[in-house]
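To start, the structure under review is shown below, and the notes come after it.
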Protein chains: 2
Amino acid sequence: MSEQTLIVSTQSHDYPIFIQSSADKVDLVSRLVPFIKGTQVLIVSNETVAPLYLSELTQGLKSHGFMVHDCVLPDGEQFKNQHSITAIYDALLERHFARDCTLIALGGGVIGDMVGFAAASFMRGVNFIQVPTTLLAQVDSSVGGKTGINHPRGKNMIGAFWQPQCVLADMATFRTLPDREFAAGMAEVIKYALIMDDEFLAWLEDNAEAIRAKDGAVLGQMVYRCCAYKAQIVAADERESGVRALLNFGHTFGHVIETHQGYGNWLHGEAVAVGMVQAALMSAKLGLIDHADVVRIKRILTLFNLPTVAPAIDTQTALGLMGHDKKVQQGKIRLVLLKAIGKAFVTADFELSALEEVLAETA
Amino acid sequence: MSEQTLIVSTQSHDYPIFIQSSADKVDLVSRLVPFIKGTQVLIVSNETVAPLYLSELTQGLKSHGFMVHDCVLPDGEQFKNQHSITAIYDALLERHFARDCTLIALGGGVIGDMVGFAAASFMRGVNFIQVPTTLLAQVDSSVGGKTGINHPRGKNMIGAFWQPQCVLADMATFRTLPDREFAAGMAEVIKYALIMDDEFLAWLEDNAEAIRAKDGAVLGQMVYRCCAYKAQIVAADERESGVRALLNFGHTFGHVIETHQGYGNWLHGEAVAVGMVQAALMSAKLGLIDHADVVRIKRILTLFNLPTVAPAIDTQTALGLMGHDKKVQQGKIRLVLLKAIGKAFVTADFELSALEEVLAETA
């Protein structure tokens, strides 16, 4: 098995995710060709990924007759801002790109989110293709159509829902992905098992060695299953009014860590890993799952080199970062918790003291 | 008749345009209330319109229990840029606006386009309402969902398709609209007659005195018909691939004047008025309409204080501004021409010499 294809259904159109387990580069480029509208292509990448893959992709597309330009941005969440979007607009307009052009996002989730928003807003919407080069981007941000940038006052405050024409996920890119980034992506993989499918958790446990060894065929199956889980949720709830909230399992707790420690010190996936442990502990405290389930969750996270213990954060500070303001008192905190491994739900029906205990115990 | 309602159908949702011919302000505000989502409202206006209507609208909405803030931008096309959009984002985030907020565009087409794009991109899309205060905005930019801003390299290069929840067009606003702005709006009104309905041209001729006297009932009928014409075209072609191009009648010629003279020296509607004369002359030169039709078009434009003669522009310069580049030679110039008054079509089937003659004769 060298390729699997998943079709994602959205309100605007259906698109394929091609999951490649072998590394025949010529085939990869030709995969993209039918999805490129017009002849003008702008590949947007970052300074880390561009040296690895940009030249090959550019030459491959040129050999198919496309006019290919590129825009290489600095690497990092701190550059996911209006300035980078403006750099993309400028690259497009300097080269006289017309409405029937195609943008290609070559990089991780930051590049994907930014290129998606640039595509959504250039000339009121042009085509784009995702070539995610991190595990996190392959299993999370390349499905669902969320695009955007950060604002000094909040993450992802500016953006649009905009779907790609296709996504190409190549397992070979993990050979150049730093171990810490790979582990961070595994946090989201494990998340799908915890919220959607206990059988998938057993599969991850059984295949841990092959995954850690970057076995292409096993990784291909893993990515396919994650994209399918997310596609299933997104198809039911494209604009995030209901079940899509389950994808935030571990994220409310994780957000506290990311914000308190400063973005970039903890990777998103690392914070989510600890957040999932906290959410599981909260579920156990409410009698929803057994403590043995919590132990199993900690074990699989540890197996993939992810943290399970939060940094020291004062409990009231943590509550404040969760949106609980004693002065305002508006709205209760809503959490995604587990009824069982593989069954998540959203609830605000718990005592604040229980949450305080979990925060105190895990810090 | 003090109010007419037109329902506009779009791919995302249907929305009403309320066309008010009397001036009962309390009624106007209560009209908007059912279309405001959440409790947080940001009214965006400009320094010209805000002193006239902002306080009244703010107080009216507050009396219905909304939390109302405002963002007043400088007035003019030169401020239709990223900087103004950022000012809107900042106003929203400083006041902790959440996703279930509503933006209200109070002003002309520039404000409407910018607020629409801010609404399309804030938190990946929030609700907005249009309260257009110019004739041009009421008959043109408030229907069709086009939103956006300019880039130094081109007008409306950045934007999105995003539909309002409702539009409130109040004929009373024309009492404060400068005569030159009202005339510029009449160019677009006349355009609908020329491309869609010769009977409407006769109606405009018959009602010219009442229109010039700002008779609310007659203006209400006129605005209603224009919005209906545009809604009909847009419903058939929301993303501008086909018949929507007819709305550009006079605009290819007009664009030459606007660009050559510098934006702001000629109003858009003034340039379009002359552009429609040139397109009519081109149609007559190709034997499609009679010269008597051209005379009739000039007469109605003159009746509404619009220019019919282009400024002096070298013919080859004009062709260059129309996109005809002798070196590149890519693509023929496509023009919207008339088969008859009330029947427009798009064509590239003409000799360049005929176009050169028209440009030379009208400059």
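Identifiers for the structure tokens are assigned positionally: chains receive A, B, ... in sequence, residues are indexed from 1 per chain, and ligands are indexed from 1 in the order shown.
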| said: Write out as a PyMOL selection string the set of residues from stretch 76-287 of chain B that DSSP, computed on the backbone, places in helix (DSSP H, G or I). | reply: chain B and resi 77-79+82-94+109-121+135-141+171-176+179-196+198-206+208-212+216-236+243-248+251-261+268-285
| query | Within 10 Å of chain A, which residues of chain B show up when using only C-alpha atoms, listed as a PyMOL selection string? | reply | chain B and resi 11-12+82+86+89-90+93-94+96+98-99+117-125+146-149+151-162+239
| note | A:Leu306 proximity check over A:Cys226, A:Leu135, A:Ala280, A:Ala187, using only C-alpha atoms: winner is A:Ala187
| field | Test item: residues at most 7 Å from stretch 293-300 of chain A, only C-alpha atoms, excluding those fewer than 5 positions along its chain, as a list in words | value |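 Skipping anything fewer than 5 positions along the chain leaves Glu205, Val277, Ala280, Leu281 and Thr308 of chain A.
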Output of the above residues as a PDB file, in the first residue's frame, restricted to N, CA and C atoms:
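Once written, part20.pdb looks like this:
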ATOM      1  N   GLU A 205      -1.470   1.521  20.699  1.00  0.00           N
ATOM      2  CA  GLU A 205      -0.639   0.784  21.652  1.00  0.00           C
ATOM      3  C   GLU A 205       0.079  -0.383  20.960  1.00  0.00           C
ATOM      4  N   VAL A 277      -4.545  14.761  30.073  1.00  0.00           N
ATOM      5  CA  VAL A 277      -4.426  14.092  31.370  1.00  0.00           C
ATOM      6  C   VAL A 277      -5.324  14.795  32.396  1.00  0.00           C
ATOM      7  N   ALA A 280      -8.894  14.017  31.743  1.00  0.00           N
ATOM      8  CA  ALA A 280      -9.186  12.641  32.149  1.00  0.00           C
ATOM      9  C   ALA A 280      -9.322  12.553  33.668  1.00  0.00           C
ATOM     10  N   LEU A 281      -8.428  13.231  34.378  1.00  0.00           N
ATOM     11  CA  LEU A 281      -8.517  13.242  35.845  1.00  0.00           C
ATOM     12  C   LEU A 281      -9.837  13.853  36.302  1.00  0.00           C
ATOM     13  N   THR A 308       3.184  14.575  30.875  1.00  0.00           N
ATOM     14  CA  THR A 308       1.878  14.295  31.492  1.00  0.00           C
ATOM     15  C   THR A 308       1.672  15.117  32.764  1.00  0.00           C
TER      16      THR A 308
END
| Shell of 10 Å around A:Thr259, only C-alpha atoms, local chain residues under 6 positions omitted, as number ranges by chain | A: 265-266, 271, 318, 321
| query | Of the candidates B:Leu286, B:Leu338, B:Ile36, B:Val272, which one gets nearest to B:His64 if we count only C-alpha atoms? | reply |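 Selected residue with least distance to B:His64: B:Ile36.
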| Contacts of B:Gln163 at 8 Å or less, counting only C-alpha atoms, minus same-chain residues fewer than 6 places along, as a list in words? |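 Near neighbours after the sequence-gap exclusion: Thr10, Ser12, His13, Gly116, Phe128, Gly144, Gly145 and Lys146 of chain B.
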Produce a file of the selected residues containing N, CA, C and O atoms, as an mmCIF file, in the first residue's frame.
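Output contents, as saved in out.cif:
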data_model
loop_
_atom_site.group_PDB
_atom_site.id
_atom_site.type_symbol
_atom_site.label_atom_id
_atom_site.label_comp_id
_atom_site.auth_asym_id
_atom_site.auth_seq_id
_atom_site.Cartn_x
_atom_site.Cartn_y
_atom_site.Cartn_z
ATOM 1 N N THR B 10 -29.214 34.237 -1.596
ATOM 2 C CA THR B 10 -27.800 33.962 -1.854
ATOM 3 C C THR B 10 -27.514 32.518 -1.463
ATOM 4 O O THR B 10 -28.351 31.855 -0.852
ATOM 5 N N SER B 12 -25.550 31.444 0.811
ATOM 6 C CA SER B 12 -25.437 31.214 2.253
ATOM 7 C C SER B 12 -26.772 31.409 2.970
ATOM 8 O O SER B 12 -27.137 30.627 3.828
ATOM 9 N N HIS B 13 -27.518 32.451 2.634
ATOM 10 C CA HIS B 13 -28.808 32.688 3.275
ATOM 11 C C HIS B 13 -29.563 33.761 2.504
ATOM 12 O O HIS B 13 -28.997 34.465 1.680
ATOM 13 N N GLY B 116 -17.897 44.829 5.683
ATOM 14 C CA GLY B 116 -18.206 43.480 5.224
ATOM 15 C C GLY B 116 -16.985 42.572 5.289
ATOM 16 O O GLY B 116 -17.066 41.429 5.745
ATOM 17 N N PHE B 128 -23.118 40.842 9.952
ATOM 18 C CA PHE B 128 -23.099 42.291 9.773
ATOM 19 C C PHE B 128 -24.359 42.767 9.073
ATOM 20 O O PHE B 128 -25.078 41.991 8.438
ATOM 21 N N GLY B 144 -25.098 41.851 -3.311
ATOM 22 C CA GLY B 144 -24.132 41.052 -4.057
ATOM 23 C C GLY B 144 -23.057 40.425 -3.211
ATOM 24 O O GLY B 144 -22.386 39.501 -3.656
ATOM 25 N N GLY B 145 -22.851 40.927 -2.000
ATOM 26 C CA GLY B 145 -21.936 40.259 -1.089
ATOM 27 C C GLY B 145 -20.468 40.506 -1.343
ATOM 28 O O GLY B 145 -19.624 39.898 -0.703
ATOM 29 N N LYS B 146 -20.137 41.391 -2.264
ATOM 30 C CA LYS B 146 -18.721 41.688 -2.471
ATOM 31 C C LYS B 146 -18.223 42.603 -1.365
ATOM 32 O O LYS B 146 -18.802 43.667 -1.126
#
Residues within 9 Å of A:Gly185, please, as a PDB file with all heavy atoms, in the first residue's frame. Count only C-alpha atoms; anything in the same chain fewer than 5 positions from it doesn't count.
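File written: selection_14.pdb
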ATOM      1  N   THR A 134       4.217  18.461   8.570  1.00  0.00           N
ATOM      2  CA  THR A 134       4.326  18.018   9.965  1.00  0.00           C
ATOM      3  C   THR A 134       3.167  17.071  10.258  1.00  0.00           C
ATOM      4  O   THR A 134       2.113  17.131   9.601  1.00  0.00           O
ATOM      5  CB  THR A 134       4.252  19.196  10.966  1.00  0.00           C
ATOM      6  OG1 THR A 134       2.937  19.757  10.921  1.00  0.00           O
ATOM      7  CG2 THR A 134       5.283  20.269  10.646  1.00  0.00           C
ATOM      8  N   LEU A 135       3.365  16.236  11.266  1.00  0.00           N
ATOM      9  CA  LEU A 135       2.297  15.308  11.645  1.00  0.00           C
ATOM     10  C   LEU A 135       1.070  16.084  12.132  1.00  0.00           C
ATOM     11  O   LEU A 135      -0.071  15.750  11.781  1.00  0.00           O
ATOM     12  CB  LEU A 135       2.817  14.364  12.742  1.00  0.00           C
ATOM     13  CG  LEU A 135       1.808  13.357  13.299  1.00  0.00           C
ATOM     14  CD1 LEU A 135       1.230  12.481  12.198  1.00  0.00           C
ATOM     15  CD2 LEU A 135       2.470  12.495  14.377  1.00  0.00           C
ATOM     16  N   LEU A 136       1.321  17.149  12.919  1.00  0.00           N
ATOM     17  CA  LEU A 136       0.205  17.941  13.434  1.00  0.00           C
ATOM     18  C   LEU A 136      -0.637  18.507  12.290  1.00  0.00           C
ATOM     19  O   LEU A 136      -1.869  18.422  12.306  1.00  0.00           O
ATOM     20  CB  LEU A 136       0.738  19.071  14.324  1.00  0.00           C
ATOM     21  CG  LEU A 136      -0.303  20.003  14.929  1.00  0.00           C
ATOM     22  CD1 LEU A 136      -1.283  19.244  15.800  1.00  0.00           C
ATOM     23  CD2 LEU A 136       0.397  21.089  15.756  1.00  0.00           C
ATOM     24  N   ALA A 137       0.029  19.073  11.292  1.00  0.00           N
ATOM     25  CA  ALA A 137      -0.715  19.663  10.178  1.00  0.00           C
ATOM     26  C   ALA A 137      -1.459  18.583   9.386  1.00  0.00           C
ATOM     27  O   ALA A 137      -2.586  18.797   8.944  1.00  0.00           O
ATOM     28  CB  ALA A 137       0.233  20.436   9.266  1.00  0.00           C
ATOM     29  N   GLN A 138      -0.843  17.416   9.238  1.00  0.00           N
ATOM     30  CA  GLN A 138      -1.490  16.362   8.459  1.00  0.00           C
ATOM     31  C   GLN A 138      -2.765  15.845   9.134  1.00  0.00           C
ATOM     32  O   GLN A 138      -3.746  15.559   8.460  1.00  0.00           O
ATOM     33  CB  GLN A 138      -0.513  15.207   8.220  1.00  0.00           C
ATOM     34  CG  GLN A 138       0.599  15.592   7.248  1.00  0.00           C
ATOM     35  CD  GLN A 138       1.470  14.420   6.851  1.00  0.00           C
ATOM     36  OE1 GLN A 138       1.212  13.298   7.248  1.00  0.00           O
ATOM     37  NE2 GLN A 138       2.486  14.689   6.059  1.00  0.00           N
ATOM     38  N   VAL A 139      -2.727  15.720  10.454  1.00  0.00           N
ATOM     39  CA  VAL A 139      -3.880  15.100  11.124  1.00  0.00           C
ATOM     40  C   VAL A 139      -4.874  16.123  11.661  1.00  0.00           C
ATOM     41  O   VAL A 139      -5.959  15.765  12.087  1.00  0.00           O
ATOM     42  CB  VAL A 139      -3.455  14.158  12.284  1.00  0.00           C
ATOM     43  CG1 VAL A 139      -2.563  13.041  11.758  1.00  0.00           C
ATOM     44  CG2 VAL A 139      -2.787  14.926  13.420  1.00  0.00           C
ATOM     45  N   ASP A 140      -4.497  17.393  11.639  1.00  0.00           N
ATOM     46  CA  ASP A 140      -5.375  18.385  12.255  1.00  0.00           C
ATOM     47  C   ASP A 140      -5.713  19.518  11.299  1.00  0.00           C
ATOM     48  O   ASP A 140      -6.812  19.581  10.759  1.00  0.00           O
ATOM     49  CB  ASP A 140      -4.718  18.919  13.526  1.00  0.00           C
ATOM     50  CG  ASP A 140      -5.614  19.911  14.256  1.00  0.00           C
ATOM     51  OD1 ASP A 140      -6.838  19.874  14.042  1.00  0.00           O
ATOM     52  OD2 ASP A 140      -5.081  20.712  15.034  1.00  0.00           O
ATOM     53  N   ARG A 180      10.694  16.190  18.568  1.00  0.00           N
ATOM     54  CA  ARG A 180       9.766  16.879  19.460  1.00  0.00           C
ATOM     55  C   ARG A 180       8.489  17.289  18.719  1.00  0.00           C
ATOM     56  O   ARG A 180       7.381  17.235  19.262  1.00  0.00           O
ATOM     57  CB  ARG A 180      10.472  18.103  20.069  1.00  0.00           C
ATOM     58  CG  ARG A 180       9.801  18.636  21.291  1.00  0.00           C
ATOM     59  CD  ARG A 180      10.577  19.805  21.898  1.00  0.00           C
ATOM     60  NE  ARG A 180       9.676  20.599  22.713  1.00  0.00           N
ATOM     61  CZ  ARG A 180       9.912  21.843  23.098  1.00  0.00           C
ATOM     62  NH1 ARG A 180      11.054  22.446  22.753  1.00  0.00           N
ATOM     63  NH2 ARG A 180       9.028  22.493  23.825  1.00  0.00           N
ATOM     64  N   ILE A 190      -3.490  10.844  19.443  1.00  0.00           N
ATOM     65  CA  ILE A 190      -4.049  10.166  20.618  1.00  0.00           C
ATOM     66  C   ILE A 190      -5.401  10.777  21.003  1.00  0.00           C
ATOM     67  O   ILE A 190      -6.319  10.084  21.427  1.00  0.00           O
ATOM     68  CB  ILE A 190      -3.028  10.229  21.779  1.00  0.00           C
ATOM     69  CG1 ILE A 190      -1.792   9.396  21.408  1.00  0.00           C
ATOM     70  CG2 ILE A 190      -3.644   9.767  23.087  1.00  0.00           C
ATOM     71  CD1 ILE A 190      -0.571   9.685  22.265  1.00  0.00           C
ATOM     72  N   HIS A 268       2.278  23.286  21.190  1.00  0.00           N
ATOM     73  CA  HIS A 268       0.838  23.112  21.344  1.00  0.00           C
ATOM     74  C   HIS A 268       0.505  21.671  21.734  1.00  0.00           C
ATOM     75  O   HIS A 268      -0.250  21.427  22.685  1.00  0.00           O
ATOM     76  CB  HIS A 268       0.144  23.485  20.028  1.00  0.00           C
ATOM     77  CG  HIS A 268      -1.333  23.257  20.020  1.00  0.00           C
ATOM     78  ND1 HIS A 268      -2.201  23.998  20.797  1.00  0.00           N
ATOM     79  CD2 HIS A 268      -2.087  22.369  19.336  1.00  0.00           C
ATOM     80  CE1 HIS A 268      -3.434  23.561  20.581  1.00  0.00           C
ATOM     81  NE2 HIS A 268      -3.394  22.581  19.707  1.00  0.00           N
ATOM     82  N   GLY A 269       1.076  20.700  21.038  1.00  0.00           N
ATOM     83  CA  GLY A 269       0.767  19.296  21.307  1.00  0.00           C
ATOM     84  C   GLY A 269       1.200  18.870  22.700  1.00  0.00           C
ATOM     85  O   GLY A 269       0.527  18.041  23.344  1.00  0.00           O
ATOM     86  N   GLU A 270       2.297  19.420  23.170  1.00  0.00           N
ATOM     87  CA  GLU A 270       2.762  19.097  24.525  1.00  0.00           C
ATOM     88  C   GLU A 270       1.761  19.605  25.569  1.00  0.00           C
ATOM     89  O   GLU A 270       1.417  18.901  26.527  1.00  0.00           O
ATOM     90  CB  GLU A 270       4.146  19.702  24.772  1.00  0.00           C
ATOM     91  CG  GLU A 270       5.226  19.058  23.900  1.00  0.00           C
ATOM     92  CD  GLU A 270       6.544  19.827  23.895  1.00  0.00           C
ATOM     93  OE1 GLU A 270       6.550  21.026  24.278  1.00  0.00           O
ATOM     94  OE2 GLU A 270       7.553  19.245  23.488  1.00  0.00           O
TER      95      GLU A 270
END
